[in-house]
file model_15.tsv (TSV, C-alpha atoms and all ligand atoms)
chain	number	residue	atom	x	y	z
A	1	MET	CA	101.28	73.33	53.81
A	2	SER	CA	100.61	69.64	53.82
A	3	ARG	CA	97.87	67.44	52.44
A	4	PHE	CA	97.87	65.65	55.80
A	5	TRP	CA	96.87	68.75	57.72
A	6	SER	CA	93.26	69.22	58.70
A	7	PRO	CA	91.55	72.44	57.54
A	8	LEU	CA	92.00	73.70	61.11
A	9	VAL	CA	95.80	73.46	60.91
A	10	HIS	CA	95.75	75.23	57.55
A	11	ARG	CA	93.72	78.04	59.07
A	12	LEU	CA	95.82	78.58	62.21
A	13	THR	CA	98.10	81.55	62.73
A	14	PRO	CA	100.14	80.37	65.73
A	15	TYR	CA	101.66	82.59	68.38
A	16	VAL	CA	105.33	83.45	67.81
A	17	PRO	CA	107.16	83.07	71.13
A	18	GLY	CA	109.82	85.59	72.10
A	19	GLU	CA	113.28	84.61	71.01
A	20	GLN	CA	115.39	82.40	73.32
A	21	PRO	CA	118.84	82.79	71.75
A	22	ARG	CA	121.63	80.45	72.73
A	23	ILE	CA	124.35	83.10	72.61
A	24	ALA	CA	126.19	83.67	75.90
A	25	ASN	CA	126.64	87.14	77.44
A	26	LEU	CA	123.50	88.51	75.89
A	27	ILE	CA	121.51	91.12	77.74
A	28	LYS	CA	118.13	89.54	77.31
A	29	LEU	CA	115.35	92.05	77.84
A	30	ASN	CA	112.80	90.57	75.43
A	31	THR	CA	110.59	88.05	77.25
A	32	ASN	CA	109.91	89.54	80.68
A	33	GLU	CA	111.69	86.90	82.70
A	34	LEU	CA	112.94	87.93	86.13
A	35	PRO	CA	116.66	88.73	86.16
A	36	TYR	CA	116.97	87.03	89.57
A	37	GLY	CA	116.71	83.31	90.27
A	38	PRO	CA	113.72	81.55	91.83
A	39	SER	CA	113.34	81.12	95.59
A	40	PRO	CA	116.20	78.98	96.97
A	41	ARG	CA	113.50	77.00	98.79
A	42	ALA	CA	111.88	76.19	95.44
A	43	LEU	CA	115.23	75.03	94.04
A	44	ALA	CA	115.82	72.82	97.08
A	45	ALA	CA	112.32	71.32	96.75
A	46	LEU	CA	112.95	70.59	93.07
A	47	ARG	CA	116.20	68.78	93.86
A	48	GLU	CA	114.50	66.82	96.57
A	49	ALA	CA	111.63	65.82	94.30
A	50	ALA	CA	114.04	64.48	91.66
A	51	ASP	CA	114.20	60.96	93.08
A	52	ASP	CA	112.77	57.55	92.29
A	53	THR	CA	109.23	58.71	93.05
A	54	LEU	CA	109.33	60.11	89.51
A	55	ARG	CA	108.27	56.63	88.39
A	56	LEU	CA	104.86	57.46	89.90
A	57	TYR	CA	102.25	59.69	88.30
A	58	PRO	CA	101.80	63.07	89.97
A	59	ASP	CA	98.73	64.04	92.00
A	60	PRO	CA	96.16	64.65	89.23
A	61	GLU	CA	94.47	67.24	91.47
A	62	ALA	CA	97.67	69.03	92.58
A	63	LEU	CA	95.86	69.43	95.88
A	64	ALA	CA	98.76	70.63	98.07
A	65	LEU	CA	99.65	73.35	95.59
A	66	ARG	CA	96.03	74.42	95.03
A	67	THR	CA	95.46	74.58	98.79
A	68	ALA	CA	98.54	76.78	99.30
A	69	LEU	CA	97.58	79.06	96.39
A	70	GLY	CA	94.08	79.42	97.79
A	71	GLN	CA	95.31	80.24	101.29
A	72	ARG	CA	97.26	83.26	100.01
A	73	VAL	CA	94.01	84.96	99.08
A	74	GLY	CA	91.54	83.46	101.57
A	75	LEU	CA	90.10	80.81	99.23
A	76	ASP	CA	90.05	77.01	99.42
A	77	ALA	CA	91.40	74.55	96.85
A	78	GLY	CA	87.98	74.32	95.18
A	79	HIS	CA	88.50	77.89	93.98
A	80	VAL	CA	91.89	77.18	92.38
A	81	PHE	CA	92.89	75.62	89.07
A	82	VAL	CA	96.49	74.91	88.01
A	83	GLY	CA	97.97	74.27	84.58
A	84	ASN	CA	101.11	74.05	82.55
A	85	GLY	CA	101.89	77.75	82.40
A	86	SER	CA	99.13	80.34	82.33
A	87	ASP	CA	99.07	79.86	78.55
A	88	GLU	CA	97.50	76.46	79.13
A	89	VAL	CA	95.11	77.80	81.78
A	90	LEU	CA	94.04	80.49	79.30
A	91	ALA	CA	93.61	77.92	76.53
A	92	HIS	CA	91.32	75.82	78.74
A	93	ALA	CA	89.37	78.92	79.79
A	94	PHE	CA	88.74	80.01	76.19
A	95	GLN	CA	87.44	76.56	75.41
A	96	ALA	CA	85.42	76.18	78.60
A	97	PHE	CA	83.68	79.57	78.64
A	98	PHE	CA	83.77	81.42	75.34
A	99	SER	CA	81.97	79.28	72.76
A	100	HIS	CA	78.51	80.84	73.08
A	101	GLY	CA	78.63	81.99	69.44
A	102	GLU	CA	79.03	85.70	70.14
A	103	PRO	CA	82.44	87.39	69.91
A	104	VAL	CA	84.98	87.37	72.73
A	105	LEU	CA	86.01	90.94	73.52
A	106	PHE	CA	89.61	91.97	74.14
A	107	ALA	CA	91.76	95.02	73.46
A	108	ASP	CA	93.32	95.67	70.07
A	109	VAL	CA	96.69	95.86	71.75
A	110	THR	CA	97.03	93.09	74.29
A	111	TYR	CA	98.58	89.64	74.70
A	112	SER	CA	98.59	88.26	71.16
A	113	PHE	CA	97.88	84.70	72.27
A	114	TYR	CA	94.18	85.54	72.81
A	115	LYS	CA	93.62	85.69	69.05
A	116	VAL	CA	95.43	82.38	68.66
A	117	TYR	CA	93.09	80.61	71.10
A	118	CYS	CA	90.14	82.02	69.17
A	119	GLY	CA	91.65	80.57	65.98
A	120	LEU	CA	92.32	77.22	67.63
A	121	TYR	CA	88.81	76.86	69.03
A	122	ASN	CA	87.05	78.63	66.16
A	123	LEU	CA	85.70	81.45	68.36
A	124	PRO	CA	84.70	84.81	66.88
A	125	TYR	CA	86.29	87.81	68.60
A	126	ARG	CA	86.02	91.60	68.50
A	127	LEU	CA	89.02	93.83	69.14
A	128	VAL	CA	88.19	96.82	71.32
A	129	PRO	CA	90.57	99.69	70.54
A	130	LEU	CA	92.68	101.26	73.26
A	131	ASP	CA	92.49	105.06	73.30
A	132	ASP	CA	95.30	107.33	72.05
A	133	GLY	CA	97.02	107.05	75.43
A	134	MET	CA	96.93	103.23	75.12
A	135	ARG	CA	94.30	103.04	77.90
A	136	VAL	CA	91.46	100.51	78.01
A	137	VAL	CA	88.13	102.20	77.22
A	138	VAL	CA	85.80	100.34	79.51
A	139	ASP	CA	82.59	101.78	78.01
A	140	ASP	CA	83.42	100.14	74.69
A	141	TYR	CA	83.10	96.65	76.20
A	142	VAL	CA	79.38	96.53	75.47
A	143	GLY	CA	76.99	94.50	73.36
A	144	PRO	CA	76.46	90.78	73.09
A	145	CYS	CA	79.63	88.81	73.75
A	146	SER	CA	80.78	85.35	74.81
A	147	GLY	CA	83.10	86.83	77.41
A	148	ILE	CA	85.72	89.49	78.06
A	149	VAL	CA	89.47	89.12	78.47
A	150	LEU	CA	91.56	91.83	80.08
A	151	ALA	CA	95.24	91.61	80.83
A	152	ASN	CA	95.88	93.60	83.99
A	153	PRO	CA	98.43	95.11	83.77
A	154	ASN	CA	98.04	95.01	80.03
A	155	ALA	CA	100.82	93.61	77.87
A	156	PRO	CA	102.73	95.08	76.12
A	157	THR	CA	101.75	98.48	77.52
A	158	GLY	CA	102.25	97.70	81.23
A	159	MET	CA	99.30	99.93	82.14
A	160	ALA	CA	96.94	98.81	84.90
A	161	LEU	CA	93.20	99.05	85.49
A	162	ASP	CA	91.67	99.71	88.89
A	163	LEU	CA	89.32	97.25	90.53
A	164	ASP	CA	86.29	99.53	90.12
A	165	THR	CA	86.66	99.21	86.36
A	166	ILE	CA	86.79	95.43	86.62
A	167	ARG	CA	83.77	95.44	88.96
A	168	LEU	CA	81.86	97.51	86.43
A	169	LEU	CA	82.53	94.99	83.66
A	170	LEU	CA	81.60	92.07	85.92
A	171	GLU	CA	78.30	93.76	86.76
A	172	ARG	CA	77.52	94.70	83.18
A	173	HIS	CA	78.04	91.13	81.96
A	174	PRO	CA	76.69	88.91	84.76
A	175	ASP	CA	76.07	85.98	82.39
A	176	ARG	CA	79.50	86.01	80.83
A	177	VAL	CA	82.95	85.20	82.19
A	178	VAL	CA	85.28	88.15	82.61
A	179	LEU	CA	88.80	86.74	82.53
A	180	VAL	CA	91.47	88.92	84.12
A	181	ASP	CA	94.94	87.82	83.07
A	182	GLU	CA	97.22	88.92	85.91
A	183	ALA	CA	100.52	87.55	84.60
A	184	TYR	CA	102.28	90.75	85.78
A	185	VAL	CA	100.05	91.79	88.68
A	186	ASP	CA	102.68	91.39	91.42
A	187	PHE	CA	104.72	94.30	90.04
A	188	GLY	CA	102.31	96.98	91.21
A	189	ALA	CA	98.73	96.45	90.04
A	190	GLN	CA	95.78	95.46	92.23
A	191	SER	CA	94.73	91.83	91.99
A	192	ALA	CA	91.08	91.02	91.40
A	193	ALA	CA	91.49	87.73	93.34
A	194	GLY	CA	89.70	89.31	96.33
A	195	LEU	CA	86.58	89.80	94.18
A	196	VAL	CA	86.16	86.09	93.43
A	197	HIS	CA	83.82	85.63	96.43
A	198	ASP	CA	81.42	88.26	95.13
A	199	TYR	CA	81.40	87.54	91.41
A	200	PRO	CA	80.64	84.06	90.04
A	201	ASN	CA	81.63	85.27	86.55
A	202	LEU	CA	85.19	86.30	87.46
A	203	LEU	CA	88.22	84.20	86.53
A	204	VAL	CA	91.63	85.53	87.61
A	205	VAL	CA	94.65	83.93	85.92
A	206	GLN	CA	98.21	84.23	87.27
A	207	THR	CA	101.59	82.62	86.64
A	208	PHE	CA	104.85	81.55	88.29
A	209	SER	CA	106.76	82.67	85.19
A	210	LYS	CA	107.31	86.33	86.03
A	211	SER	CA	107.49	87.51	89.66
A	212	ARG	CA	108.39	84.03	90.90
A	213	ALA	CA	111.15	83.51	88.33
A	214	LEU	CA	109.95	80.06	87.33
A	215	ALA	CA	109.20	80.47	83.62
A	216	GLY	CA	111.17	77.28	82.99
A	217	LEU	CA	108.88	75.24	85.22
A	218	ARG	CA	105.65	76.14	83.34
A	219	VAL	CA	103.13	76.70	86.12
A	220	GLY	CA	100.06	78.90	85.88
A	221	PHE	CA	96.87	79.03	87.92
A	222	ALA	CA	93.42	80.54	88.15
A	223	TYR	CA	91.09	81.70	90.91
A	224	GLY	CA	87.35	81.45	90.42
A	225	GLN	CA	84.21	80.11	92.03
A	226	PRO	CA	83.94	76.27	92.05
A	227	GLU	CA	81.52	76.36	89.11
A	228	LEU	CA	84.23	77.90	86.89
A	229	ILE	CA	86.97	75.68	88.31
A	230	GLU	CA	84.84	72.65	87.49
A	231	GLY	CA	84.39	73.90	83.92
A	232	LEU	CA	88.17	74.18	83.55
A	233	THR	CA	88.69	70.77	85.15
A	234	ARG	CA	86.26	69.15	82.72
A	235	ILE	CA	88.35	70.51	79.82
A	236	LYS	CA	91.63	69.50	81.49
A	237	ASP	CA	90.41	65.97	82.19
A	238	SER	CA	89.41	65.64	78.53
A	239	PHE	CA	92.91	66.69	77.48
A	240	ASN	CA	95.51	65.56	80.03
A	241	SER	CA	94.50	64.51	83.50
A	242	TYR	CA	97.89	65.43	84.98
A	243	PRO	CA	98.04	69.22	84.90
A	244	LEU	CA	101.53	69.46	86.36
A	245	ASP	CA	104.38	67.01	86.73
A	246	ARG	CA	105.76	66.04	90.14
A	247	LEU	CA	108.68	68.46	89.94
A	248	ALA	CA	106.49	71.39	88.97
A	249	GLN	CA	104.07	70.69	91.82
A	250	ALA	CA	106.91	70.46	94.36
A	251	GLY	CA	108.83	73.52	93.12
A	252	ALA	CA	105.74	75.71	92.80
A	253	LEU	CA	104.53	74.76	96.28
A	254	ALA	CA	107.85	75.74	97.86
A	255	SER	CA	107.81	78.98	95.89
A	256	VAL	CA	104.34	79.87	97.24
A	257	GLU	CA	105.61	79.19	100.74
A	258	ASP	CA	108.43	81.71	100.27
A	259	GLU	CA	106.50	84.98	100.00
A	260	ALA	CA	109.50	86.89	101.40
A	261	TRP	CA	111.57	86.02	98.32
A	262	LEU	CA	108.78	87.19	96.05
A	263	ALA	CA	108.44	90.48	97.94
A	264	GLN	CA	112.19	91.12	97.76
A	265	CYS	CA	112.40	90.45	94.01
A	266	VAL	CA	109.35	92.59	93.28
A	267	GLU	CA	110.73	95.49	95.32
A	268	GLN	CA	114.00	95.33	93.41
A	269	VAL	CA	112.27	95.23	90.02
A	270	ILE	CA	110.07	98.20	90.90
A	271	ALA	CA	113.11	100.24	92.01
A	272	SER	CA	114.96	99.34	88.79
A	273	ARG	CA	111.87	100.14	86.70
A	274	THR	CA	111.73	103.64	88.17
A	275	ARG	CA	115.40	104.21	87.30
A	276	LEU	CA	115.03	102.70	83.83
A	277	SER	CA	111.96	104.83	83.01
A	278	ALA	CA	113.72	108.00	84.21
A	279	GLY	CA	116.83	107.10	82.20
A	280	LEU	CA	114.79	106.54	79.04
A	281	GLU	CA	112.93	109.82	79.52
A	282	ALA	CA	116.24	111.63	79.96
A	283	LEU	CA	117.22	110.28	76.52
A	284	GLY	CA	114.04	111.73	75.00
A	285	PHE	CA	111.90	108.58	75.00
A	286	ASP	CA	108.20	108.51	75.90
A	287	VAL	CA	107.57	105.85	78.53
A	288	LEU	CA	104.11	104.60	79.48
A	289	PRO	CA	103.46	104.35	83.23
A	290	SER	CA	104.22	100.69	83.94
A	291	CYS	CA	102.87	98.40	86.65
A	292	ALA	CA	104.72	95.42	85.14
A	293	ASN	CA	108.30	94.14	84.92
A	294	PHE	CA	108.73	95.81	81.54
A	295	VAL	CA	108.31	99.28	80.11
A	296	TYR	CA	106.74	100.28	76.82
A	297	THR	CA	108.66	103.08	75.22
A	298	ARG	CA	109.12	104.98	71.96
A	299	HIS	CA	111.35	107.69	70.67
A	300	PRO	CA	109.58	110.60	68.93
A	301	ASN	CA	111.93	110.57	65.94
A	302	ARG	CA	113.66	107.21	65.81
A	303	GLU	CA	112.23	104.05	64.27
A	304	ALA	CA	111.71	101.37	66.90
A	305	ALA	CA	112.67	98.54	64.51
A	306	GLU	CA	115.93	100.31	63.74
A	307	LEU	CA	116.72	100.88	67.43
A	308	ALA	CA	116.02	97.22	68.17
A	309	ALA	CA	118.37	96.18	65.36
A	310	ARG	CA	121.17	98.49	66.59
A	311	LEU	CA	120.74	97.19	70.15
A	312	ARG	CA	120.97	93.64	68.88
A	313	GLU	CA	124.35	94.45	67.30
A	314	LYS	CA	125.41	95.37	70.81
A	315	ALA	CA	124.11	92.05	72.17
A	316	ILE	CA	121.04	93.57	73.82
A	317	ILE	CA	117.67	92.18	72.79
A	318	VAL	CA	114.35	93.89	73.39
A	319	ARG	CA	110.92	93.14	71.92
A	320	HIS	CA	109.57	94.97	68.91
A	321	LEU	CA	106.06	93.91	67.94
A	322	LYS	CA	104.92	94.46	64.39
A	323	GLY	CA	101.46	95.95	63.78
A	324	GLU	CA	99.95	99.34	63.25
A	325	ARG	CA	99.57	100.32	66.91
A	326	THR	CA	102.81	98.73	68.13
A	327	GLU	CA	105.20	99.54	65.28
A	328	ALA	CA	106.64	102.65	66.97
A	329	TRP	CA	107.22	101.02	70.36
A	330	LEU	CA	109.77	98.85	72.10
A	331	ARG	CA	108.95	96.61	75.03
A	332	VAL	CA	111.90	96.42	77.39
A	333	THR	CA	112.05	93.96	80.27
A	334	VAL	CA	113.30	95.44	83.54
A	335	GLY	CA	116.62	93.66	84.08
A	336	THR	CA	119.15	94.13	86.85
A	337	ASP	CA	120.33	97.69	87.41
A	338	GLY	CA	123.52	96.76	85.54
A	339	GLN	CA	121.57	95.48	82.53
A	340	CYS	CA	119.31	98.55	82.51
A	341	GLN	CA	122.35	100.83	82.63
A	342	ALA	CA	123.97	98.92	79.75
A	343	LEU	CA	120.78	99.42	77.74
A	344	LEU	CA	120.69	103.15	78.48
A	345	ASP	CA	124.39	103.52	77.57
A	346	ALA	CA	123.84	101.65	74.31
A	347	LEU	CA	120.81	103.77	73.40
A	348	ARG	CA	122.67	106.98	74.20
A	349	GLU	CA	125.45	105.92	71.85
A	350	ILE	CA	123.03	104.87	69.09
A	351	LEU	CA	121.07	108.14	69.29
A	352	HIS	CA	124.28	110.20	69.37
A	353	ARG	CA	125.81	108.37	66.41
A	354	ASN	CA	122.69	108.90	64.28
A	355	SER	CA	122.05	112.52	65.18
B	401	LIG	N1	99.61	86.38	79.89
B	401	LIG	C1	100.38	87.40	79.50
B	401	LIG	C2	99.79	88.76	79.44
B	401	LIG	C3	101.72	87.17	79.16
B	401	LIG	O1	102.49	88.17	78.72
B	401	LIG	C4	102.24	85.86	79.25
B	401	LIG	C5	103.70	85.59	78.93
B	401	LIG	N2	104.03	85.55	77.62
B	401	LIG	C6	101.39	84.84	79.62
B	401	LIG	C7	100.08	85.12	79.96
B	401	LIG	C8	101.82	83.40	79.65
B	401	LIG	O2	102.74	83.13	80.63
B	401	LIG	P1	103.09	81.65	81.09
B	401	LIG	O3	102.46	80.69	80.12
B	401	LIG	O4	104.55	81.59	81.11
B	401	LIG	O5	102.46	81.51	82.45
call {"tool": "encode", "arguments": {"input": "model_15.tsv", "output": "structure tokens"}}
result
Amino acid sequence: MSRFWSPLVHRLTPYVPGEQPRIANLIKLNTNELPYGPSPRALAALREAADDTLRLYPDPEALALRTALGQRVGLDAGHVFVGNGSDEVLAHAFQAFFSHGEPVLFADVTYSFYKVYCGLYNLPYRLVPLDDGMRVVVDDYVGPCSGIVLANPNAPTGMALDLDTIRLLLERHPDRVVLVDEAYVDFGAQSAAGLVHDYPNLLVVQTFSKSRALAGLRVGFAYGQPELIEGLTRIKDSFNSYPLDRLAQAGALASVEDEAWLAQCVEQVIASRTRLSAGLEALGFDVLPSCANFVYTRHPNREAAELAARLREKAIIVRHLKGERTEAWLRVTVGTDGQCQALLDALREILHRNS
């Protein structure tokens, strides 16, 4: 608390980022980073961009990157927005589209940053409960609203929605933006990017932080019709006219141009996820069907907080989110097969010791 803070700062409940410990030899399964490095072509482009051109401002329109991102899905650069991580793209979207006075609708268990943006921009919101199986109940997204936000796959559950469900919401709310946060879409869900042509109220947000292993570079992007992209650009240009620095633009562009690397990493993660889920089930855990690079899991008679603490003693960190609906669960990032096996071995030992 400070007398210098504005009432807004007093009111805020900021997002708490996942821990980034500095201890070596940790098995870090808490923030859904990829266990493999980024595309070697992206690394080479980054090295090449680190020269005396850094004295110059970057392209404020990030046109080469937006063009390449559009091409992947049959859209032009006018349908693409880029920002400093998808967190920033989301922040701009909340400000650009959701201040109509009615609540923003999102699930009661979803990415916890959505509430934070509502706090920051003073937007009312309504939490729409997931059902007992942690599924989105599409028929509950009704009534007056300023917009709808869906993470697909959802975080932290990892469960995906099909495109018919998203179409239904877009058609039910033609005057409101439906934002689909596809941070984890490459790991097995269907992207709504192909629907952008048909629905002027659809905004699809993706990131380089997960499947492209570039969390450290902070690059996110959105697909939408030019009307929505212009709304986002008006916010960006009132905030910071350079959405991405020169290195980020160069590295992200090379990453987009290396789809083979992406495909290989995704295939490996999906294979490891199948083994990890089976291993957890063999130890008696419930595991939700995941389309992401993490699994959401709980043990019927072990406290999740306690399991997380015991794992930490063994230098393995996973994410335990406090809150009524999440208290019993652990979110575990899919690591390498070696890391997943170490996790399973540790859990087996912990369960055995306590039984
Ligand atoms: N959306 C969801 C659902 C996420 O889990 C995350 C990662 N915490 C983000 C967006 C933000 O990712 P980034 O800012 O790294 O692009």
call {"tool": "residues_near_ligand", "arguments": {"input": "model_15.tsv", "ligand": "ligand LIG 401 (chain B)", "cutoff": "7 Å", "atoms": "all atoms listed in the file", "output": "list in words"}}
result
Gly85, Ser86, Asp87, Glu88, Tyr111, Ala151, Asn154, Ala155, Asp181, Glu182, Ala183, Gln206, Thr207, Phe208, Ser209, Ala215, Arg218, Val219 and Gly220 of chain A
call {"tool": "residues_around", "arguments": {"input": "model_15.tsv", "residues": "region 156-163 of chain A", "least_positions_apart": "2", "cutoff": "6 Å", "atoms": "all atoms listed in the file", "output": "PyMOL selection string"}}
result
chain A and resi 152-154+165-166+189+290-292+296
call {"tool": "closest_residue", "arguments": {"input": "model_15.tsv", "among": "A:Ser255, A:Asn293, A:Gln225, A:Ser238", "to": "Leu75 (chain A)", "atoms": "all atoms listed in the file"}}
result
A:Gln225
call {"tool": "atom_distance", "arguments": {"input": "model_15.tsv", "atom1": "CA of Ala222 (chain A)", "atom2": "CA of Gly70 (chain A)"}}
result
9.7 Å
call {"tool": "atom_distance", "arguments": {"input": "model_15.tsv", "atom1": "CA of His10 (chain A)", "atom2": "CA of Ser146 (chain A)"}}
result
25.0 Å
call {"tool": "atom_distance", "arguments": {"input": "model_15.tsv", "atom1": "CA of Tyr242 (chain A)", "atom2": "CA of Pro60 (chain A)"}}
result
4.7 Å
call {"tool": "closest_residue", "arguments": {"input": "model_15.tsv", "among": "A:Leu232, A:Leu130, A:Gly147, A:Pro103", "to": "Ala91 (chain A)", "atoms": "all atoms listed in the file"}}
result
A:Leu232
call {"tool": "residues_around", "arguments": {"input": "model_15.tsv", "residues": "Gly194 (chain A)", "least_positions_apart": "4", "cutoff": "10 Å", "atoms": "all atoms listed in the file", "output": "number ranges by chain"}}
result
A: 73-75, 163, 190, 198-199, 204, 223
call {"tool": "closest_residue", "arguments": {"input": "model_15.tsv", "among": "A:Arg348, A:Asp132, A:Arg331, A:Asp337", "to": "Glu281 (chain A)", "atoms": "all atoms listed in the file"}}
result
A:Arg348
call {"tool": "residues_around", "arguments": {"input": "model_15.tsv", "residues": "Leu351 (chain A)", "least_positions_apart": "4", "cutoff": "10 Å", "atoms": "only C-alpha atoms", "output": "ChimeraX atom specification"}}
result
/A:283-284,299,302,307,346-347,355
call {"tool": "closest_residue", "arguments": {"input": "model_15.tsv", "among": "A:Phe113, A:Trp261, A:Trp329, A:Tyr141", "to": "Pro40 (chain A)", "atoms": "all atoms listed in the file"}}
result
A:Trp261
call {"tool": "residues_near_point", "arguments": {"input": "model_15.tsv", "point": "(109.0, 89.1, 77.1)", "cutoff": "9 Å", "atoms": "all atoms listed in the file", "output": "MDAnalysis selection string"}}
result
chainID A and resid 17:19 29:33 156 294 318:319 331:333
call {"tool": "closest_residue", "arguments": {"input": "model_15.tsv", "among": "A:Leu247, A:Leu12, A:Ala24, A:Ala42", "to": "Asn84 (chain A)", "atoms": "all atoms listed in the file"}}
result
A:Leu247
call {"tool": "residues_around", "arguments": {"input": "model_15.tsv", "residues": "Ala263 (chain A)", "least_positions_apart": "5", "cutoff": "9 Å", "atoms": "only C-alpha atoms", "output": "PyMOL selection string"}}
result
chain A and resi 186+211+268
call {"tool": "write_last_selection", "arguments": {"input": "model_15.tsv", "atoms": "C-alpha atoms", "output": "CSV table (one decimal), keeping the file's coordinate frame"}}
result
chain,number,residue,atom,x,y,z
A,186,ASP,CA,102.7,91.4,91.4
A,211,SER,CA,107.5,87.5,89.7
A,268,GLN,CA,114.0,95.3,93.4
call {"tool": "closest_residue", "arguments": {"input": "model_15.tsv", "among": "A:Asp76, A:Glu306, A:Asp345, A:Glu327", "to": "Val196 (chain A)", "atoms": "only C-alpha atoms"}}
result
A:Asp76
call {"tool": "residues_around", "arguments": {"input": "model_15.tsv", "residues": "Ala254 (chain A)", "least_positions_apart": "4", "cutoff": "7 Å", "atoms": "only C-alpha atoms", "output": "ChimeraX atom specification"}}
result
/A:41-42,45,250,258
call {"tool": "write_last_selection", "arguments": {"input": "model_15.tsv", "atoms": "C-alpha atoms", "output": "short mmCIF file (atom, residue, chain, number, x, y, z; two decimals), keeping the file's coordinate frame"}}
result
data_model
loop_
_atom_site.label_atom_id
_atom_site.label_comp_id
_atom_site.auth_asym_id
_atom_site.auth_seq_id
_atom_site.Cartn_x
_atom_site.Cartn_y
_atom_site.Cartn_z
CA ARG A 41 113.50 77.00 98.79
CA ALA A 42 111.88 76.19 95.44
CA ALA A 45 112.32 71.32 96.75
CA ALA A 250 106.91 70.46 94.36
CA ASP A 258 108.43 81.71 100.27
#
call {"tool": "build_atoms", "arguments": {"input": "model_15.tsv", "residues": "region 66-83 of chain A", "atoms": "N, CA and C atoms", "output": "JSON list (two decimals), keeping the file's coordinate frame"}}
result
[["chain", "number", "residue", "atom", "x", "y", "z"],
["A", 66, "ARG", "N", 97.27, 73.63, 95.14],
["A", 66, "ARG", "CA", 96.03, 74.42, 95.03],
["A", 66, "ARG", "C", 95.61, 74.95, 96.40],
["A", 67, "THR", "N", 95.82, 74.13, 97.43],
["A", 67, "THR", "CA", 95.46, 74.58, 98.79],
["A", 67, "THR", "C", 96.33, 75.77, 99.18],
["A", 68, "ALA", "N", 97.62, 75.68, 98.92],
["A", 68, "ALA", "CA", 98.54, 76.78, 99.30],
["A", 68, "ALA", "C", 98.22, 78.04, 98.49],
["A", 69, "LEU", "N", 97.91, 77.88, 97.22],
["A", 69, "LEU", "CA", 97.58, 79.06, 96.39],
["A", 69, "LEU", "C", 96.29, 79.72, 96.87],
["A", 70, "GLY", "N", 95.34, 78.89, 97.29],
["A", 70, "GLY", "CA", 94.08, 79.42, 97.79],
["A", 70, "GLY", "C", 94.29, 80.20, 99.09],
["A", 71, "GLN", "N", 95.08, 79.61, 99.98],
["A", 71, "GLN", "CA", 95.31, 80.24, 101.29],
["A", 71, "GLN", "C", 95.85, 81.66, 101.18],
["A", 72, "ARG", "N", 96.69, 81.91, 100.19],
["A", 72, "ARG", "CA", 97.26, 83.26, 100.01],
["A", 72, "ARG", "C", 96.19, 84.33, 99.92],
["A", 73, "VAL", "N", 95.03, 83.94, 99.35],
["A", 73, "VAL", "CA", 94.01, 84.96, 99.08],
["A", 73, "VAL", "C", 92.68, 84.63, 99.77],
["A", 74, "GLY", "N", 92.74, 83.76, 100.79],
["A", 74, "GLY", "CA", 91.54, 83.46, 101.57],
["A", 74, "GLY", "C", 90.53, 82.59, 100.84],
["A", 75, "LEU", "N", 91.01, 81.71, 99.95],
["A", 75, "LEU", "CA", 90.10, 80.81, 99.23],
["A", 75, "LEU", "C", 90.53, 79.36, 99.49],
["A", 76, "ASP", "N", 89.62, 78.41, 99.27],
["A", 76, "ASP", "CA", 90.05, 77.01, 99.42],
["A", 76, "ASP", "C", 90.40, 76.42, 98.06],
["A", 77, "ALA", "N", 90.90, 75.17, 98.08],
["A", 77, "ALA", "CA", 91.40, 74.55, 96.85],
["A", 77, "ALA", "C", 90.34, 74.45, 95.77],
["A", 78, "GLY", "N", 89.07, 74.40, 96.16],
["A", 78, "GLY", "CA", 87.98, 74.32, 95.18],
["A", 78, "GLY", "C", 87.84, 75.58, 94.34],
["A", 79, "HIS", "N", 88.52, 76.63, 94.75],
["A", 79, "HIS", "CA", 88.50, 77.89, 93.98],
["A", 79, "HIS", "C", 89.76, 78.08, 93.14],
["A", 80, "VAL", "N", 90.59, 77.02, 93.05],
["A", 80, "VAL", "CA", 91.89, 77.18, 92.38],
["A", 80, "VAL", "C", 92.07, 76.10, 91.31],
["A", 81, "PHE", "N", 92.57, 76.54, 90.16],
["A", 81, "PHE", "CA", 92.89, 75.62, 89.07],
["A", 81, "PHE", "C", 94.36, 75.81, 88.73],
["A", 82, "VAL", "N", 95.09, 74.75, 88.42],
["A", 82, "VAL", "CA", 96.49, 74.91, 88.01],
["A", 82, "VAL", "C", 96.72, 74.29, 86.63],
["A", 83, "GLY", "N", 97.67, 74.81, 85.91],
["A", 83, "GLY", "CA", 97.97, 74.27, 84.58],
["A", 83, "GLY", "C", 99.42, 74.55, 84.22]]
